[in-house]
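Written out below as C-alpha cells is the structure these notes cover.
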Amino acid sequence: MMPAGTDPARAFDRPPVPWKANAALVGTAVIILLMLSLVAYTQWEMRQEAWLRAEQTSQNVLRTVAAHIDTQAQVIGFALDVTANGIAAMDGRNAQPDEAHDLVSDIARKAGLVGVVLVLDADGSVRVDSAQHPPRTANLATQDYFSVHRGNPASDDYLSQPVFFEHDKGEPSFVLSRRLTSPDGAFRGVIVLGIPLRFVADILRSVELGPDGNIMLISSKGIIYSESKGARWGGTGTDLSSTALFQILTSRPEGMFVDKNQRPANLVSFAHVGGTEMILAATMSVESILIDWWRRMAIIGVLSLVVCAALAVFAVLLHRELLRRVAAEARLGQLSITDGLTGLANRRHFDERLRLEWRRAARTGAPLALLFIDADHFKALNDEFGHAKGDEVLKSVAGCIAVSIRRPGDLAARFGGEEFAVILPDTGPEAALGLAQTIRARIEDLSFAGVPRPVTVSIGIKAMRPAPDIAVSTLLEAADKALYQAKAAGRNRAILAD
C-alpha cells in the first residue's frame, strides 16, 4: 500500500549549462594562459638582456684593462730598449759606473710601472742598480730569467713569474729581462726591469665588475700575477697551468664561457693582452648577474599570479551566477507549466503537449492514447472531511499517477479540480488499459487517517492513430465519454473507448 501524501512531482532536472557560462570560463582561462605566456616571455627577454649586459660589461672592462696594460707594456718595452742601448754604448766606451746608475735611475723614474732596473754581469751579480749606488750586493744567477738568457744566445725578452726584490720590502714583482751580448756573441749579462705587482693590482682594481666580480692577470705559463679581489683564484704566484680553466684560456685569443666547476658558477671572459703573452680573465658569478632579474621576476610573477587568481575567481563567480540564473529561469519555467498543488503538469502545458504529440503521431502514424482520471465522490469527501483532507487526497492520487508512468515521453497533468489526464505517445489500447488499471489499483490501496472508506477513481481511455484530417478534440471527447461510462457503470473502474 502506498502511503498517503507521496510527492507526485518528478525530480527537477538540472538544466544544461549555458554556453555563455562555459564561454566565460574558457575565455578567462585563455586570457590567463595568454597573460602568463606574455609574462614568461617578457621575463625571459629581461633575463637575456641582463645576461647580454653582463657579457658586454665584462668584454668592455677586459678591453679597457688590456689596452691600458698593453700601453704600459709598450712603455716598459721602450724602457728596456733604451736601457739595453745605453748600457751597450757605455760598455763600448768604458763609461763610469755612476753614469750607468744615472741612466737606469732616470729610466726607472720615468717608465711608469717600472720599480727597479738592474744590470747583471755574466756571473749574475748586480753591477748597476737604479735604486742605489753603489749597487746592492746580490747574485741572481739562480733566477729563471738569468738561466734562460745565459743558456740561449737567441733568447727573446723574457717575462718571469712573480719574484721578490730586497728593496720592495717583501712585495712581489715580475721581471722583464733581456740578454746582453758582446759584439763577438759572448754572454755579458742580463738587463732586468722589475715591475711591482701592486702597480698591476691598481690597474685591475680601477675597474668595477660588481660586488663579486674579479679580474686576474695570468702569465702564458699559467702563473697568476695579480687579482683585483684578493685571492679568489689562489692569489699571486698560484699555478693554474694544470687546470681546465687554463686550458680554455689558452685555446683561443679571446672568448667567454660559463665555468660550472666553481661554486657559484661564473661567467668567465678572457683576452690576451696585445703583443704580450699575458692573459686577462674577468669573472662574474651567474648569481650576481641575475639577482636583479630574479627580484623583478619574483615581484612581477607574484603580481601576475594575483591578477590571474582574481580573474579566475571572478570567472568562477560569474559562472556560478549564470548557472543560478539559468536554474532560476528553468525553475520559473517549470513552475509556469506545473500545477501548484499536485506537482503534475498544469492544464496549459497539457493542452500544448497534447497538440504537439497529436501532430507528431499524425506524421509518423504512431498510436496515441489518452487517460482521463476522475476521483470518485470527491465533492462529498471534501464537504465531509474538509478542504485540507481533500488537498491531501488529490496530492496522493497525483503521486500514484506520477509513479505509474515511467517513459520520458509520457505526461501526467491535472486537468481541473479532481480530474487528471495522462498522455501516452506510441501506446496502443491494451497498454493504455493496463496502465490505467495499475493507476486505479494503486489509488485504491491508499489510506488516509480519519477517512474510513477507500478513495477510488474512474478512468476513461481512448487510443487511436491521429491523421491530418482528424481534430485532436476527437481524442478528448472519446476519452471524456469513456470516463462518464466508467462513472455510470459504478465508478472505480477503467473503460476503454471504442
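Chain labels run A, B, ... following the order of the C-alpha cells; each chain numbers its residues from 1, and ligands are numbered from 1 in the order shown.
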
With a cut-off of 9 Å, could you pull out the residues of segment 125-157 of chain A touching segment 182-192 of chain A and give me the nearest pair of atoms for each, distance in Å to one decimal, using only C-alpha atoms, ordered by chain and ascending number, as a tab-separated table?
residue	atom	partner	partner_atom	distance
A:Ser125	CA	A:Gly189	CA	8.8
A:Tyr145	CA	A:Val190	CA	8.5
A:Phe146	CA	A:Val190	CA	6.6
A:His149	CA	A:Val190	CA	7.2
A:Arg150	CA	A:Phe187	CA	6.6
A:Pro153	CA	A:Phe187	CA	7.4

Using only C-alpha atoms, which residues of segment 38-145 of chain A come within 9 Å of segment 258-276 of chain A, and what is the closest atom pair for each, with the distance in Å to one decimal? Give it as a tab-separated table, sorted by chain and residue number.
residue	atom	partner	partner_atom	distance
A:Ala54	CA	A:Leu267	CA	8.7
A:Glu55	CA	A:Ser269	CA	7.8
A:Ser58	CA	A:Ser269	CA	6.5
A:Gln59	CA	A:Ser269	CA	6.7
A:Leu62	CA	A:Ala271	CA	7.0
A:Arg63	CA	A:Ala271	CA	8.0
A:Val65	CA	A:Val273	CA	8.8
A:Ala66	CA	A:Val273	CA	5.2
A:Ala67	CA	A:Gly274	CA	7.3
A:Ile69	CA	A:Val273	CA	7.2
A:Asp70	CA	A:Gly274	CA	5.5
A:Thr71	CA	A:Gly274	CA	8.7
A:Ala73	CA	A:Thr276	CA	7.7
A:Gln74	CA	A:Gly275	CA	8.7

With DSSP run on the backbone, what are the strand (DSSP E) residues within segment 30-245 of chain A? I'd like them as a short mmCIF file (atom, residue, chain, number, x, y, z; two decimals) with all heavy atoms, in the first residue's frame.
data_model
loop_
_atom_site.label_atom_id
_atom_site.label_comp_id
_atom_site.auth_asym_id
_atom_site.auth_seq_id
_atom_site.Cartn_x
_atom_site.Cartn_y
_atom_site.Cartn_z
N VAL A 116 112.27 48.92 -10.51
CA VAL A 116 113.71 48.87 -10.39
C VAL A 116 114.30 48.40 -11.72
O VAL A 116 113.66 47.62 -12.44
CB VAL A 116 114.14 47.92 -9.24
CG1 VAL A 116 113.74 46.49 -9.54
CG2 VAL A 116 115.64 48.01 -8.98
N VAL A 117 115.51 48.93 -12.03
CA VAL A 117 116.25 48.48 -13.21
C VAL A 117 117.60 47.98 -12.72
O VAL A 117 118.34 48.71 -12.02
CB VAL A 117 116.45 49.60 -14.24
CG1 VAL A 117 117.24 49.09 -15.44
CG2 VAL A 117 115.10 50.17 -14.68
N LEU A 118 117.93 46.74 -13.09
CA LEU A 118 119.20 46.14 -12.70
C LEU A 118 119.93 45.69 -13.95
O LEU A 118 119.31 45.25 -14.93
CB LEU A 118 118.98 44.94 -11.78
CG LEU A 118 118.21 45.15 -10.47
CD1 LEU A 118 118.04 43.82 -9.74
CD2 LEU A 118 118.91 46.16 -9.59
N VAL A 119 121.26 45.78 -13.86
CA VAL A 119 122.10 45.21 -14.91
C VAL A 119 122.99 44.16 -14.23
O VAL A 119 123.72 44.49 -13.28
CB VAL A 119 122.96 46.27 -15.61
CG1 VAL A 119 123.82 45.63 -16.69
CG2 VAL A 119 122.09 47.37 -16.21
N LEU A 120 122.87 42.92 -14.69
CA LEU A 120 123.63 41.82 -14.11
C LEU A 120 124.82 41.51 -15.01
O LEU A 120 124.69 41.57 -16.25
CB LEU A 120 122.75 40.58 -13.96
CG LEU A 120 121.40 40.76 -13.25
CD1 LEU A 120 120.66 39.42 -13.17
CD2 LEU A 120 121.57 41.36 -11.87
N VAL A 126 124.90 41.85 -9.44
CA VAL A 126 124.35 43.16 -9.80
C VAL A 126 125.50 44.14 -9.96
O VAL A 126 126.29 44.38 -9.03
CB VAL A 126 123.38 43.67 -8.74
CG1 VAL A 126 122.85 45.05 -9.13
CG2 VAL A 126 122.23 42.70 -8.55
N ARG A 127 125.60 44.73 -11.18
CA ARG A 127 126.66 45.72 -11.39
C ARG A 127 126.13 47.13 -11.56
O ARG A 127 126.82 48.11 -11.34
CB ARG A 127 127.54 45.34 -12.57
CG ARG A 127 126.92 45.39 -13.95
CD ARG A 127 127.93 44.87 -14.98
NE ARG A 127 127.40 44.85 -16.34
CZ ARG A 127 127.59 45.82 -17.22
NH1 ARG A 127 128.28 46.90 -16.89
NH2 ARG A 127 127.11 45.70 -18.45
N VAL A 128 124.82 47.24 -11.92
CA VAL A 128 124.17 48.57 -11.98
C VAL A 128 122.80 48.43 -11.34
O VAL A 128 122.05 47.50 -11.66
CB VAL A 128 124.04 49.08 -13.43
CG1 VAL A 128 123.40 50.48 -13.43
CG2 VAL A 128 125.39 49.13 -14.12
N ASP A 129 122.44 49.39 -10.46
CA ASP A 129 121.19 49.30 -9.71
C ASP A 129 120.53 50.67 -9.71
O ASP A 129 121.14 51.67 -9.26
CB ASP A 129 121.48 48.86 -8.27
CG ASP A 129 120.22 48.57 -7.48
OD1 ASP A 129 119.14 49.02 -7.89
OD2 ASP A 129 120.33 47.87 -6.45
N TYR A 158 112.20 38.12 -21.84
CA TYR A 158 111.59 37.07 -21.01
C TYR A 158 110.78 37.71 -19.90
O TYR A 158 111.24 38.65 -19.22
CB TYR A 158 112.69 36.18 -20.42
CG TYR A 158 112.17 35.08 -19.53
CD1 TYR A 158 111.61 33.93 -20.07
CD2 TYR A 158 112.26 35.18 -18.15
CE1 TYR A 158 111.13 32.91 -19.26
CE2 TYR A 158 111.78 34.17 -17.32
CZ TYR A 158 111.22 33.03 -17.88
OH TYR A 158 110.75 32.03 -17.07
N LEU A 159 109.55 37.21 -19.71
CA LEU A 159 108.67 37.67 -18.65
C LEU A 159 108.60 36.59 -17.59
O LEU A 159 108.14 35.47 -17.85
CB LEU A 159 107.27 37.96 -19.21
CG LEU A 159 106.34 38.81 -18.35
CD1 LEU A 159 106.92 40.21 -18.16
CD2 LEU A 159 104.96 38.90 -19.01
N VAL A 163 108.54 37.42 -8.48
CA VAL A 163 109.77 37.29 -7.68
C VAL A 163 109.78 38.39 -6.63
O VAL A 163 108.92 39.28 -6.63
CB VAL A 163 111.02 37.40 -8.57
CG1 VAL A 163 111.08 36.27 -9.58
CG2 VAL A 163 111.05 38.76 -9.30
N PHE A 164 110.75 38.36 -5.71
CA PHE A 164 110.86 39.35 -4.67
C PHE A 164 112.23 40.02 -4.74
O PHE A 164 113.26 39.36 -4.89
CB PHE A 164 110.70 38.70 -3.29
CG PHE A 164 109.31 38.19 -3.04
CD1 PHE A 164 108.95 36.91 -3.40
CD2 PHE A 164 108.35 39.01 -2.45
CE1 PHE A 164 107.67 36.43 -3.18
CE2 PHE A 164 107.08 38.55 -2.22
CZ PHE A 164 106.73 37.26 -2.58
N PRO A 172 105.84 41.43 -4.07
CA PRO A 172 106.25 40.68 -5.26
C PRO A 172 106.30 41.57 -6.50
O PRO A 172 105.58 42.56 -6.61
CB PRO A 172 105.17 39.61 -5.39
CG PRO A 172 103.96 40.21 -4.75
CD PRO A 172 104.47 41.08 -3.63
N SER A 173 107.13 41.19 -7.43
CA SER A 173 107.23 41.84 -8.74
C SER A 173 107.37 40.75 -9.79
O SER A 173 107.62 39.58 -9.48
CB SER A 173 108.47 42.76 -8.80
OG SER A 173 108.42 43.76 -7.81
N PHE A 174 107.18 41.14 -11.02
CA PHE A 174 107.60 40.24 -12.09
C PHE A 174 108.62 40.97 -12.95
O PHE A 174 108.69 42.21 -12.93
CB PHE A 174 106.42 39.70 -12.91
CG PHE A 174 105.64 40.72 -13.67
CD1 PHE A 174 106.00 41.04 -14.97
CD2 PHE A 174 104.54 41.35 -13.11
CE1 PHE A 174 105.28 41.98 -15.69
CE2 PHE A 174 103.82 42.29 -13.82
CZ PHE A 174 104.18 42.61 -15.10
N VAL A 175 109.42 40.21 -13.66
CA VAL A 175 110.61 40.75 -14.31
C VAL A 175 110.48 40.62 -15.82
O VAL A 175 110.09 39.58 -16.34
CB VAL A 175 111.87 40.00 -13.82
CG1 VAL A 175 113.05 40.29 -14.73
CG2 VAL A 175 112.18 40.39 -12.40
N LEU A 176 110.81 41.72 -16.50
CA LEU A 176 111.00 41.69 -17.94
C LEU A 176 112.51 41.82 -18.17
O LEU A 176 113.13 42.80 -17.71
CB LEU A 176 110.26 42.85 -18.61
CG LEU A 176 110.42 42.93 -20.13
CD1 LEU A 176 109.81 41.70 -20.80
CD2 LEU A 176 109.77 44.21 -20.68
N SER A 177 113.09 40.84 -18.82
CA SER A 177 114.56 40.81 -18.94
C SER A 177 115.00 40.63 -20.39
O SER A 177 114.23 40.16 -21.24
CB SER A 177 115.12 39.66 -18.10
OG SER A 177 114.58 38.42 -18.51
N ARG A 178 116.30 41.04 -20.63
CA ARG A 178 116.87 40.91 -21.97
C ARG A 178 118.34 40.52 -21.84
O ARG A 178 119.05 41.01 -20.96
CB ARG A 178 116.73 42.21 -22.76
CG ARG A 178 117.34 42.15 -24.15
CD ARG A 178 117.13 43.44 -24.89
NE ARG A 178 115.71 43.66 -25.19
CZ ARG A 178 115.23 44.73 -25.83
NH1 ARG A 178 116.10 45.68 -26.24
NH2 ARG A 178 113.96 44.87 -26.05
N ARG A 179 118.78 39.69 -22.72
CA ARG A 179 120.19 39.23 -22.75
C ARG A 179 121.10 40.34 -23.27
O ARG A 179 120.76 41.04 -24.23
CB ARG A 179 120.29 37.98 -23.63
CG ARG A 179 121.72 37.46 -23.85
CD ARG A 179 121.69 36.36 -24.90
NE ARG A 179 123.05 35.97 -25.31
CZ ARG A 179 123.70 34.92 -24.83
NH1 ARG A 179 123.12 34.14 -23.93
NH2 ARG A 179 124.93 34.64 -25.24
N LEU A 180 122.24 40.49 -22.61
CA LEU A 180 123.29 41.38 -23.10
C LEU A 180 124.35 40.53 -23.81
O LEU A 180 124.87 39.58 -23.21
CB LEU A 180 123.93 42.15 -21.94
CG LEU A 180 123.10 43.29 -21.36
CD1 LEU A 180 123.80 43.85 -20.12
CD2 LEU A 180 122.88 44.37 -22.38
N THR A 181 124.64 40.90 -25.04
CA THR A 181 125.59 40.11 -25.83
C THR A 181 126.68 41.04 -26.37
O THR A 181 126.38 42.13 -26.89
CB THR A 181 124.87 39.43 -27.00
OG1 THR A 181 123.78 38.66 -26.49
CG2 THR A 181 125.81 38.51 -27.76
N PHE A 187 128.17 36.02 -23.97
CA PHE A 187 127.18 36.41 -22.98
C PHE A 187 127.82 37.40 -22.01
O PHE A 187 128.82 37.10 -21.36
CB PHE A 187 126.67 35.17 -22.23
CG PHE A 187 125.73 35.47 -21.12
CD1 PHE A 187 124.49 36.04 -21.38
CD2 PHE A 187 126.07 35.19 -19.79
CE1 PHE A 187 123.60 36.31 -20.34
CE2 PHE A 187 125.18 35.45 -18.76
CZ PHE A 187 123.94 36.01 -19.03
N ARG A 188 127.19 38.61 -21.86
CA ARG A 188 127.76 39.62 -21.00
C ARG A 188 126.89 39.94 -19.80
O ARG A 188 127.23 40.78 -18.98
CB ARG A 188 127.98 40.90 -21.80
CG ARG A 188 129.02 40.77 -22.91
CD ARG A 188 129.27 42.09 -23.56
NE ARG A 188 129.65 43.10 -22.57
CZ ARG A 188 129.62 44.42 -22.77
NH1 ARG A 188 129.19 44.88 -23.95
NH2 ARG A 188 130.00 45.27 -21.83
N GLY A 189 125.70 39.30 -19.73
CA GLY A 189 124.83 39.55 -18.58
C GLY A 189 123.38 39.74 -19.01
O GLY A 189 122.99 39.42 -20.15
N VAL A 190 122.59 40.28 -18.08
CA VAL A 190 121.14 40.43 -18.30
C VAL A 190 120.68 41.79 -17.77
O VAL A 190 121.11 42.22 -16.69
CB VAL A 190 120.36 39.31 -17.59
CG1 VAL A 190 118.86 39.51 -17.75
CG2 VAL A 190 120.76 37.94 -18.12
N ILE A 191 119.81 42.43 -18.55
CA ILE A 191 119.13 43.65 -18.06
C ILE A 191 117.80 43.22 -17.45
O ILE A 191 117.02 42.48 -18.07
CB ILE A 191 118.90 44.66 -19.20
CG1 ILE A 191 120.24 45.11 -19.77
CG2 ILE A 191 118.10 45.85 -18.70
CD1 ILE A 191 120.10 46.02 -20.97
N VAL A 192 117.51 43.68 -16.26
CA VAL A 192 116.31 43.29 -15.51
C VAL A 192 115.47 44.53 -15.21
O VAL A 192 115.98 45.49 -14.61
CB VAL A 192 116.69 42.56 -14.21
CG1 VAL A 192 115.43 42.28 -13.40
CG2 VAL A 192 117.45 41.29 -14.51
N LEU A 193 114.21 44.51 -15.64
CA LEU A 193 113.24 45.55 -15.25
C LEU A 193 112.22 44.89 -14.31
O LEU A 193 111.50 43.97 -14.70
CB LEU A 193 112.52 46.14 -16.46
CG LEU A 193 113.19 47.32 -17.18
CD1 LEU A 193 114.54 46.91 -17.75
CD2 LEU A 193 112.27 47.88 -18.25
N GLY A 194 112.21 45.33 -13.08
CA GLY A 194 111.26 44.78 -12.11
C GLY A 194 109.99 45.62 -12.05
O GLY A 194 110.03 46.83 -11.83
N ILE A 195 108.85 44.99 -12.26
CA ILE A 195 107.54 45.69 -12.24
C ILE A 195 106.78 45.22 -11.01
O ILE A 195 106.33 44.06 -10.95
CB ILE A 195 106.72 45.40 -13.51
CG1 ILE A 195 107.46 45.89 -14.76
CG2 ILE A 195 105.35 46.07 -13.42
CD1 ILE A 195 108.19 44.82 -15.49
N PRO A 196 106.63 46.04 -9.97
CA PRO A 196 105.89 45.64 -8.77
C PRO A 196 104.44 45.28 -9.12
O PRO A 196 103.77 46.00 -9.85
CB PRO A 196 105.95 46.89 -7.88
CG PRO A 196 107.16 47.63 -8.35
CD PRO A 196 107.21 47.39 -9.84
N ASN A 214 85.71 39.76 -10.48
CA ASN A 214 87.14 39.63 -10.24
C ASN A 214 87.86 39.65 -11.59
O ASN A 214 87.37 39.11 -12.58
CB ASN A 214 87.44 38.33 -9.50
CG ASN A 214 88.90 38.23 -9.09
OD1 ASN A 214 89.52 39.24 -8.78
ND2 ASN A 214 89.45 37.04 -9.08
N ILE A 215 89.04 40.30 -11.62
CA ILE A 215 89.89 40.31 -12.81
C ILE A 215 91.26 39.81 -12.39
O ILE A 215 91.79 40.21 -11.36
CB ILE A 215 90.02 41.71 -13.42
CG1 ILE A 215 88.65 42.31 -13.68
CG2 ILE A 215 90.82 41.66 -14.72
CD1 ILE A 215 88.71 43.73 -14.20
N MET A 216 91.83 38.92 -13.19
CA MET A 216 93.17 38.44 -12.88
C MET A 216 94.03 38.47 -14.13
O MET A 216 93.55 38.30 -15.25
CB MET A 216 93.13 37.04 -12.28
CG MET A 216 92.52 35.97 -13.15
SD MET A 216 92.51 34.37 -12.30
CE MET A 216 91.56 33.39 -13.45
N LEU A 217 95.32 38.72 -13.89
CA LEU A 217 96.32 38.74 -14.94
C LEU A 217 97.17 37.49 -14.79
O LEU A 217 97.72 37.22 -13.71
CB LEU A 217 97.18 40.00 -14.84
CG LEU A 217 98.23 40.20 -15.94
CD1 LEU A 217 97.55 40.39 -17.29
CD2 LEU A 217 99.12 41.39 -15.61
N ILE A 218 97.29 36.72 -15.88
CA ILE A 218 97.95 35.42 -15.83
C ILE A 218 99.07 35.40 -16.86
O ILE A 218 98.91 35.93 -17.98
CB ILE A 218 96.96 34.28 -16.13
CG1 ILE A 218 95.69 34.42 -15.28
CG2 ILE A 218 97.58 32.91 -15.90
CD1 ILE A 218 94.57 33.50 -15.68
N ILE A 224 99.50 33.16 -11.82
CA ILE A 224 98.72 34.36 -11.55
C ILE A 224 99.65 35.48 -11.09
O ILE A 224 100.39 35.34 -10.12
CB ILE A 224 97.65 34.09 -10.46
CG1 ILE A 224 96.62 33.08 -10.96
CG2 ILE A 224 96.95 35.39 -10.08
CD1 ILE A 224 95.56 32.75 -9.93
N TYR A 225 99.61 36.59 -11.84
CA TYR A 225 100.37 37.76 -11.43
C TYR A 225 99.62 38.56 -10.37
O TYR A 225 100.19 38.98 -9.37
CB TYR A 225 100.65 38.67 -12.63
CG TYR A 225 101.71 38.15 -13.56
CD1 TYR A 225 101.56 38.22 -14.94
CD2 TYR A 225 102.89 37.59 -13.07
CE1 TYR A 225 102.53 37.75 -15.80
CE2 TYR A 225 103.87 37.12 -13.92
CZ TYR A 225 103.69 37.20 -15.28
OH TYR A 225 104.65 36.73 -16.13
N SER A 226 98.34 38.79 -10.62
CA SER A 226 97.57 39.61 -9.68
C SER A 226 96.08 39.38 -9.89
O SER A 226 95.65 38.97 -10.97
CB SER A 226 97.90 41.10 -9.89
OG SER A 226 97.20 41.90 -8.96
N GLU A 227 95.32 39.65 -8.83
CA GLU A 227 93.86 39.61 -8.87
C GLU A 227 93.31 40.90 -8.29
O GLU A 227 93.91 41.48 -7.39
CB GLU A 227 93.31 38.42 -8.07
CG GLU A 227 93.65 37.06 -8.63
CD GLU A 227 92.94 35.95 -7.85
OE1 GLU A 227 91.71 35.86 -7.93
OE2 GLU A 227 93.63 35.19 -7.16
#

Q: Just the alpha helix (DSSP H) stuff from segment 172-313 of chain A, please, per backbone DSSP, written as an NGL selection string.
A: :A and (197-205 or 244-249 or 286-313)

**Q.** Polymer residues at most 6 Å from segment 400-414 of chain A, only C-alpha atoms, same-chain spacing of 3 or more positions, as an MDAnalysis selection string
**A.** chainID A and resid 8 344:346 397 420:424 439

Q.
Can you measure atom CA of Glu419 of chain A to atom CA of Arg440 of chain A for me? One decimal in Å is fine.
A.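 Going from atom CA of Glu419 of chain A over to atom CA of Arg440 of chain A covers 13.4 Å.
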
Q.
Set the distance at 12 Å and use only C-alpha atoms: which residues neighbour Lys110 of chain A once local chain neighbours fewer than 4 positions away are removed? I'd like the list as a VMD selection string.
A. chain A and resid 72 75 to 76 78 to 79 82 103 to 106 114 to 117 130

Q | Selected residue, from A:Ala95, A:Leu305, A:Val286, A:Leu197, that lies nearest to Ala40 of chain A when counting only C-alpha atoms | A | A:Leu305

(Q) Restricting the calculation to only C-alpha atoms: of A:Cys308, A:Leu249, A:Val393, A:Leu371, which residue gets closest to Gly460 of chain A? (A) A:Leu371

Selection near Leu311 of chain A, 8 Å with only C-alpha atoms, sequence-local residues under 4 positions removed, as a PDB file with N, CA, C and O atoms, in the first residue's frame:
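Output file result.pdb follows:
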ATOM      1  N   THR A  28      38.207  33.169 -19.880  1.00  0.00           N
ATOM      2  CA  THR A  28      39.089  33.587 -18.784  1.00  0.00           C
ATOM      3  C   THR A  28      40.336  32.726 -18.750  1.00  0.00           C
ATOM      4  O   THR A  28      41.446  33.227 -18.530  1.00  0.00           O
ATOM      5  N   ILE A  32      44.078  34.103 -19.047  1.00  0.00           N
ATOM      6  CA  ILE A  32      45.099  33.813 -18.033  1.00  0.00           C
ATOM      7  C   ILE A  32      46.306  33.150 -18.685  1.00  0.00           C
ATOM      8  O   ILE A  32      47.460  33.491 -18.393  1.00  0.00           O
ATOM      9  N   VAL A 307      46.760  38.711 -10.110  1.00  0.00           N
ATOM     10  CA  VAL A 307      45.789  39.147 -11.126  1.00  0.00           C
ATOM     11  C   VAL A 307      45.084  37.942 -11.747  1.00  0.00           C
ATOM     12  O   VAL A 307      43.854  37.941 -11.919  1.00  0.00           O
ATOM     13  N   ALA A 315      35.791  34.710 -12.764  1.00  0.00           N
ATOM     14  CA  ALA A 315      35.173  33.823 -13.750  1.00  0.00           C
ATOM     15  C   ALA A 315      34.317  32.751 -13.083  1.00  0.00           C
ATOM     16  O   ALA A 315      33.218  32.430 -13.546  1.00  0.00           O
TER      17      ALA A 315
END

Q) By how many Å are atom CA of Tyr484 of chain A and atom CA of Ala463 of chain A apart? A)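 Atom CA of Ala463 of chain A lies at a distance of 16.4 Å from atom CA of Tyr484 of chain A.
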